[in-house]
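**Q** Sharing a structure here in structure tokens format.
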Amino acid sequence: MRAEVLRSTEKVEFETPERCHILEVANDAGDEFASIARARVGGGGATAWHTLTGVAERYVIVSGKGRVELGGQAPVEVFEGDVVRIPPGCAQRIANIGTEDLIFYCICTPPFRQDCYRAQE
């Protein structure tokens with residue numbers, strides 16, 4: 001890992017096919033151990049069911065309120081400050097159950113790669 005500061009003003013948010021807006025905060029050769037992205041789900045929206053092959057993920061809820069579903073577990077409401085741990089291969093989705101944006105950070109180990117993403121039905 002390199003010692004450096006990554007400026008958020010140099011990043012661009014994009015919309016994904018799974019109905020989520022992503023800002024890649026840190027996902028580059030400067031850190032081979034983890035990636036960080038900021039996710040934003042609009043009021044009433046939800047991500048698609050998906051898994052990450054070989055990648056563990058943590059959601060750190062920054063603002064808004066949501067409902068997360070993990071594998072066969074019962075849905076759980078999440079709020080600012082909550083952390084959601086998602087092991088590799090665990091089916092997941094998160095819904096915004098409020099009217100304001102649900103914003104959370106996704107921390108992936110090892111770093112997220114598009115080829116680890118698997119859409120679920």
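Just so we're on the same page: first chain in the structure tokens is A, next is B, and so on; residues restart at 1 for each chain, and ligands are numbered from 1 in the order they show up.
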Which residues of segment 53-73 of chain A have any atom within 10 Å of an atom in segment 26-48 of chain A when counting only C-alpha atoms, and what is the closest pair of atoms for each, with the distance in Å to one decimal? Order the rows by chain and rising number and write it as JSON lines.

**A**
{"residue": "A:Val55", "atom": "CA", "partner": "A:Ala34", "partner_atom": "CA", "distance": 9.7}
{"residue": "A:Ala56", "atom": "CA", "partner": "A:Ala34", "partner_atom": "CA", "distance": 9.7}
{"residue": "A:Glu57", "atom": "CA", "partner": "A:Ser35", "partner_atom": "CA", "distance": 9.5}
{"residue": "A:Arg58", "atom": "CA", "partner": "A:Ile36", "partner_atom": "CA", "distance": 9.6}
{"residue": "A:Tyr59", "atom": "CA", "partner": "A:Ala39", "partner_atom": "CA", "distance": 9.1}
{"residue": "A:Val60", "atom": "CA", "partner": "A:Arg38", "partner_atom": "CA", "distance": 9.3}
{"residue": "A:Ile61", "atom": "CA", "partner": "A:Ala39", "partner_atom": "CA", "distance": 9.5}
{"residue": "A:Val62", "atom": "CA", "partner": "A:Arg38", "partner_atom": "CA", "distance": 9.4}
{"residue": "A:Ser63", "atom": "CA", "partner": "A:Arg40", "partner_atom": "CA", "distance": 9.6}
{"residue": "A:Gly64", "atom": "CA", "partner": "A:Gly43", "partner_atom": "CA", "distance": 9.0}
{"residue": "A:Lys65", "atom": "CA", "partner": "A:Gly43", "partner_atom": "CA", "distance": 9.5}
{"residue": "A:Gly66", "atom": "CA", "partner": "A:Ala46", "partner_atom": "CA", "distance": 9.0}
{"residue": "A:Arg67", "atom": "CA", "partner": "A:Ala46", "partner_atom": "CA", "distance": 9.0}
{"residue": "A:Val68", "atom": "CA", "partner": "A:Ala46", "partner_atom": "CA", "distance": 9.5}

**Q** What gap, in Å, lies between atom CA of Gly71 of chain A and atom CA of Pro111 of chain A?

**A**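 Distance reported for this atom pair: 21.6 Å.
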
**Q** Which one of A:Leu52, A:Ala119, A:Leu70, A:Ile22 sits closest to Gln92 of chain A if you count only C-alpha atoms?

**A** A:Leu70

**Q** Mind checking which residues fall within 9 Å of Thr51 of chain A, counting only C-alpha atoms, ignoring those fewer than 5 positions away in the same chain, and posting them as a list in words?

**A**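 Listed by chain and then number, they are Pro88, Gly89, Cys90, Ala91, Gln92, Arg93, Cys116, Tyr117, Arg118, Ala119 and Gln120 of chain A.
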
**Q** For Gln114 of chain A, which residue out of A:Glu77, A:Cys20, A:Thr53, A:Arg2 is the nearest one, using only C-alpha atoms?

**A** A:Thr53
